[in-house]
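Quick notes on the structure that follows.
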Amino acid sequence: MHRKPGFALLLFTLLLFLSCGDEPHTLEWQEKEYSGDSCSNCPSVNIRIPMGPEDNRLARQVKTSLEEEIIYWLDYAESNKATTIREAIASFTAGHAELQEKFPDETAPWEADIQGEVSYSSPLLLCISLEGYLFTGGAHGYSSLRYLNFDAENARELESAELFADIAGFTSLAEMAFRKQYEVPADQDINSTGFMFEDNRFSLPESIGFGEAGVLLHYDPYEVASYADGPLSLTIPYREAAPFLNPEYSPVNTTSP
């Protein structure tokens with residue numbers, strides 16, 4: 001049976017469309033919501049995170065990484081065996097009920113609010129930001145921001161060290177930017193104005209991500225400053241960060257500034 005010449009072109013176009021749809025920057029991320037039970041004594045739990053199609057490797061890895069991080073945050077007893085977000089919510093709720101039963105007059109309502117979104121996406125790199133606020137009693141709650149970075153082609157989560165070709169050089173660049181933004185004199189110790197870097201030496205934060213404007217550095221409360229100082233954030237423009245980034249993932253190789 002002979003096919004018309006246009007058939008091959010049509011088939012190629014269809015295959016190209018399907019393959020392009022599998023690219024990280026063309027994935028359709030939908031917001032997935034989770035919430036706790038609605039009752040007067042139940043903790044308030046609201047979770048909203050991006051989810052991609054189940055048949056995509058990268059989307060499945062993102063889901064796994066987000067679940068692991070959220071389960072860790074909600075593990076109040078540090079001993080539950082939750083393997084899903086819903087199980088973690090149930091464990092968080094049970095922890096509140098147990099404490100309320102022991103101390104009915106002292107247990108304040110618990111709260112967990114977690115939001116995730118795509119911070120940066122390219123054919124090379126995907127960055128998801130995950131921001132959370134938890135209150136489990138005490139004088140105040142605790143907020144945290146995590147950046148999860150992924151090798152978009154190989155669908156795997158990256159360690160922060162893998163993002164850099166010269167992490168020592170980037171650390172020096174970040175220290176200069178930090179001192180300028182937070183007014184720490186260049187000729188004085190990094191802790192001279194009240195910061196609490198270990199051994200009085202500047203260090204990169206645990207949370208490093210990517211946005212449209214540059215490399216994002218975020219220090220949670222207590223990480224290098226007091227709770228009263230709040231979180232500390234810093235953006236290193238790509239034009240400055242470029243010499244120190246791993247070219248395999250560097251947004252400088254894409255359309256970013």
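Quick note on naming: the chains in the structure tokens go A, B, ... in the order shown, residues restart at 1 in each chain, and ligands are numbered from 1 in order of appearance.
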
Please tabulate, as a tab-separated table, the residues of region 63-180 of chain A that come within 10 Å of region 209-212 of chain A, each with its closest pair of atoms and the distance in Å to one decimal, counting only C-alpha atoms and ordering rows by chain, then residue number upward.
residue	atom	partner	partner_atom	distance
A:Val118	CA	A:Gly211	CA	9.1
A:Ser119	CA	A:Gly211	CA	5.4
A:Tyr120	CA	A:Gly211	CA	5.1
A:Ser121	CA	A:Gly211	CA	8.6
A:Leu125	CA	A:Phe210	CA	9.0
A:Leu126	CA	A:Phe210	CA	8.4
A:Cys127	CA	A:Phe210	CA	6.1
A:Ile128	CA	A:Gly209	CA	7.9
A:Ser129	CA	A:Gly209	CA	7.6
A:Arg146	CA	A:Gly209	CA	8.2
A:Tyr147	CA	A:Gly209	CA	5.1
A:Leu148	CA	A:Gly209	CA	7.1
A:Asn149	CA	A:Gly209	CA	6.8
A:Ser160	CA	A:Gly209	CA	8.7
A:Leu163	CA	A:Gly209	CA	9.4

Practice task
Once DSSP has gone over the backbone, tell me which residues of region 8-254 of chain A are in strand (DSSP E or B), as a ChimeraX atom specification.
Solution key: /A:30-35,44-51,111-121,125-135,142-151,156-157,164,207-210,214-219,232-237,245

Let's have the selection written as a PDB file, in the first residue's frame, with C-alpha atoms.
ATOM      1  CA  GLN A  30      -1.079  21.858  37.663  1.00  0.00           C
ATOM      2  CA  GLU A  31      -1.600  22.951  41.253  1.00  0.00           C
ATOM      3  CA  LYS A  32      -2.385  20.041  43.568  1.00  0.00           C
ATOM      4  CA  GLU A  33      -4.085  20.838  46.856  1.00  0.00           C
ATOM      5  CA  TYR A  34      -4.109  18.904  50.106  1.00  0.00           C
ATOM      6  CA  SER A  35      -5.875  19.898  53.300  1.00  0.00           C
ATOM      7  CA  SER A  44      -5.221  23.869  59.922  1.00  0.00           C
ATOM      8  CA  VAL A  45      -3.331  22.178  57.091  1.00  0.00           C
ATOM      9  CA  ASN A  46      -3.138  23.682  53.609  1.00  0.00           C
ATOM     10  CA  ILE A  47      -0.706  22.424  50.987  1.00  0.00           C
ATOM     11  CA  ARG A  48      -0.464  23.538  47.351  1.00  0.00           C
ATOM     12  CA  ILE A  49       2.272  22.160  45.116  1.00  0.00           C
ATOM     13  CA  PRO A  50       2.896  21.821  41.358  1.00  0.00           C
ATOM     14  CA  MET A  51       2.271  18.425  39.791  1.00  0.00           C
ATOM     15  CA  GLU A 111      -1.055  25.184  61.612  1.00  0.00           C
ATOM     16  CA  ALA A 112       0.796  24.040  58.500  1.00  0.00           C
ATOM     17  CA  ASP A 113       0.755  26.092  55.316  1.00  0.00           C
ATOM     18  CA  ILE A 114       3.018  24.917  52.481  1.00  0.00           C
ATOM     19  CA  GLN A 115       3.182  26.296  48.953  1.00  0.00           C
ATOM     20  CA  GLY A 116       5.323  25.195  46.050  1.00  0.00           C
ATOM     21  CA  GLU A 117       5.816  26.677  42.614  1.00  0.00           C
ATOM     22  CA  VAL A 118       8.094  26.479  39.593  1.00  0.00           C
ATOM     23  CA  SER A 119      10.810  29.069  40.153  1.00  0.00           C
ATOM     24  CA  TYR A 120      12.774  28.386  36.970  1.00  0.00           C
ATOM     25  CA  SER A 121      12.440  26.029  34.020  1.00  0.00           C
ATOM     26  CA  LEU A 125      17.344  22.823  34.705  1.00  0.00           C
ATOM     27  CA  LEU A 126      14.160  22.908  36.738  1.00  0.00           C
ATOM     28  CA  CYS A 127      13.914  24.694  40.081  1.00  0.00           C
ATOM     29  CA  ILE A 128      10.963  24.330  42.444  1.00  0.00           C
ATOM     30  CA  SER A 129      10.559  26.621  45.444  1.00  0.00           C
ATOM     31  CA  LEU A 130       8.802  25.185  48.488  1.00  0.00           C
ATOM     32  CA  GLU A 131       7.799  27.642  51.188  1.00  0.00           C
ATOM     33  CA  GLY A 132       6.235  26.584  54.448  1.00  0.00           C
ATOM     34  CA  TYR A 133       4.992  27.942  57.752  1.00  0.00           C
ATOM     35  CA  LEU A 134       4.429  25.618  60.701  1.00  0.00           C
ATOM     36  CA  PHE A 135       3.084  26.373  64.154  1.00  0.00           C
ATOM     37  CA  TYR A 142       8.581  28.636  62.044  1.00  0.00           C
ATOM     38  CA  SER A 143       8.956  29.486  58.374  1.00  0.00           C
ATOM     39  CA  SER A 144      11.237  27.819  55.856  1.00  0.00           C
ATOM     40  CA  LEU A 145      12.003  28.079  52.152  1.00  0.00           C
ATOM     41  CA  ARG A 146      13.621  25.281  50.198  1.00  0.00           C
ATOM     42  CA  TYR A 147      14.744  25.220  46.578  1.00  0.00           C
ATOM     43  CA  LEU A 148      14.699  21.833  44.865  1.00  0.00           C
ATOM     44  CA  ASN A 149      16.820  21.704  41.708  1.00  0.00           C
ATOM     45  CA  PHE A 150      16.534  19.029  39.038  1.00  0.00           C
ATOM     46  CA  ASP A 151      18.554  17.817  36.090  1.00  0.00           C
ATOM     47  CA  ARG A 156      17.019  13.588  38.936  1.00  0.00           C
ATOM     48  CA  GLU A 157      17.331  15.922  41.896  1.00  0.00           C
ATOM     49  CA  PHE A 164      28.780  24.951  40.473  1.00  0.00           C
ATOM     50  CA  SER A 207      18.768  26.662  50.141  1.00  0.00           C
ATOM     51  CA  ILE A 208      20.116  27.693  46.725  1.00  0.00           C
ATOM     52  CA  GLY A 209      17.836  28.096  43.731  1.00  0.00           C
ATOM     53  CA  PHE A 210      17.327  29.795  40.403  1.00  0.00           C
ATOM     54  CA  GLY A 214      19.735  35.167  38.953  1.00  0.00           C
ATOM     55  CA  VAL A 215      20.916  32.631  41.511  1.00  0.00           C
ATOM     56  CA  LEU A 216      18.742  32.767  44.632  1.00  0.00           C
ATOM     57  CA  LEU A 217      20.263  32.391  48.090  1.00  0.00           C
ATOM     58  CA  HIS A 218      17.977  32.044  51.099  1.00  0.00           C
ATOM     59  CA  TYR A 219      18.837  31.755  54.789  1.00  0.00           C
ATOM     60  CA  LEU A 232      17.665  36.651  54.669  1.00  0.00           C
ATOM     61  CA  SER A 233      17.599  36.524  50.873  1.00  0.00           C
ATOM     62  CA  LEU A 234      20.092  37.438  48.197  1.00  0.00           C
ATOM     63  CA  THR A 235      20.054  37.324  44.384  1.00  0.00           C
ATOM     64  CA  ILE A 236      23.290  37.010  42.399  1.00  0.00           C
ATOM     65  CA  PRO A 237      22.712  38.171  38.781  1.00  0.00           C
ATOM     66  CA  LEU A 245      28.216  27.892  37.484  1.00  0.00           C
TER      67      LEU A 245
END

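The interatomic distance for the pair CA of Pro53 (chain A) and CA of Thr84 (chain A) works out to 17.7 Å.
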
Practice task
Can you list, as a ChimeraX atom specification, all residues belonging to region 36-92 of chain A that DSSP tags as helix (DSSP H, G or I)?
Solution key: /A:57-74,85-92

Deliver the residues from the most recent selection as a file, using C-alpha atoms, as an mmCIF file, in the first residue's frame.
data_model
loop_
_atom_site.group_PDB
_atom_site.id
_atom_site.type_symbol
_atom_site.label_atom_id
_atom_site.label_comp_id
_atom_site.auth_asym_id
_atom_site.auth_seq_id
_atom_site.Cartn_x
_atom_site.Cartn_y
_atom_site.Cartn_z
ATOM 1 C CA ARG A 57 9.866 10.993 34.356
ATOM 2 C CA LEU A 58 10.776 14.480 35.514
ATOM 3 C CA ALA A 59 7.282 15.125 36.891
ATOM 4 C CA ARG A 60 7.422 11.860 38.836
ATOM 5 C CA GLN A 61 10.791 12.789 40.330
ATOM 6 C CA VAL A 62 9.483 16.234 41.311
ATOM 7 C CA LYS A 63 6.502 14.604 42.998
ATOM 8 C CA THR A 64 8.744 12.222 44.940
ATOM 9 C CA SER A 65 11.092 14.996 46.082
ATOM 10 C CA LEU A 66 8.247 17.284 47.138
ATOM 11 C CA GLU A 67 6.557 14.480 49.049
ATOM 12 C CA GLU A 68 9.763 13.647 50.909
ATOM 13 C CA GLU A 69 10.307 17.286 51.898
ATOM 14 C CA ILE A 70 6.711 17.817 53.034
ATOM 15 C CA ILE A 71 6.650 14.546 54.991
ATOM 16 C CA TYR A 72 9.828 15.684 56.761
ATOM 17 C CA TRP A 73 8.241 19.022 57.667
ATOM 18 C CA LEU A 74 5.059 17.450 59.018
ATOM 19 C CA ILE A 85 1.452 13.563 51.974
ATOM 20 C CA ARG A 86 -1.982 12.431 53.126
ATOM 21 C CA GLU A 87 -0.409 10.023 55.623
ATOM 22 C CA ALA A 88 1.840 12.845 56.852
ATOM 23 C CA ILE A 89 -1.188 15.111 57.347
ATOM 24 C CA ALA A 90 -2.901 12.346 59.314
ATOM 25 C CA SER A 91 0.198 11.933 61.483
ATOM 26 C CA PHE A 92 0.432 15.700 62.049
#

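Every protein or nucleic acid residue with an atom no more than 10 Å from Met176 (chain A), counting only C-alpha atoms and leaving out same-chain residues fewer than 5 positions away, appears here: A:Phe170, A:Thr171, A:Gln181, A:Val184, A:Pro185, A:Ala186, A:Phe202.
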
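For the choices A:Asp187, A:Ser122, A:Phe197, A:Ser203, the atom-to-atom distance to Glu248 (chain A) is smallest for A:Ser122 when using only C-alpha atoms.
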
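Here CA of Met196 (chain A) is placed at a distance of 20.7 Å from CA of Gly141 (chain A).
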
Exercise for the section: With a distance cut-off of 6 Å and only C-alpha atoms, select the neighbouring residues of region 99-110 of chain A, excluding the residue or stretch itself and same-chain residues fewer than 2 positions from it, and output the selection as a ChimeraX atom specification. Expected result: /A:43,96-97,135-137

Problem - Interatomic distance (Å, one decimal) between CA of Arg179 (chain A) and CA of Pro247 (chain A) - result: 26.9 Å
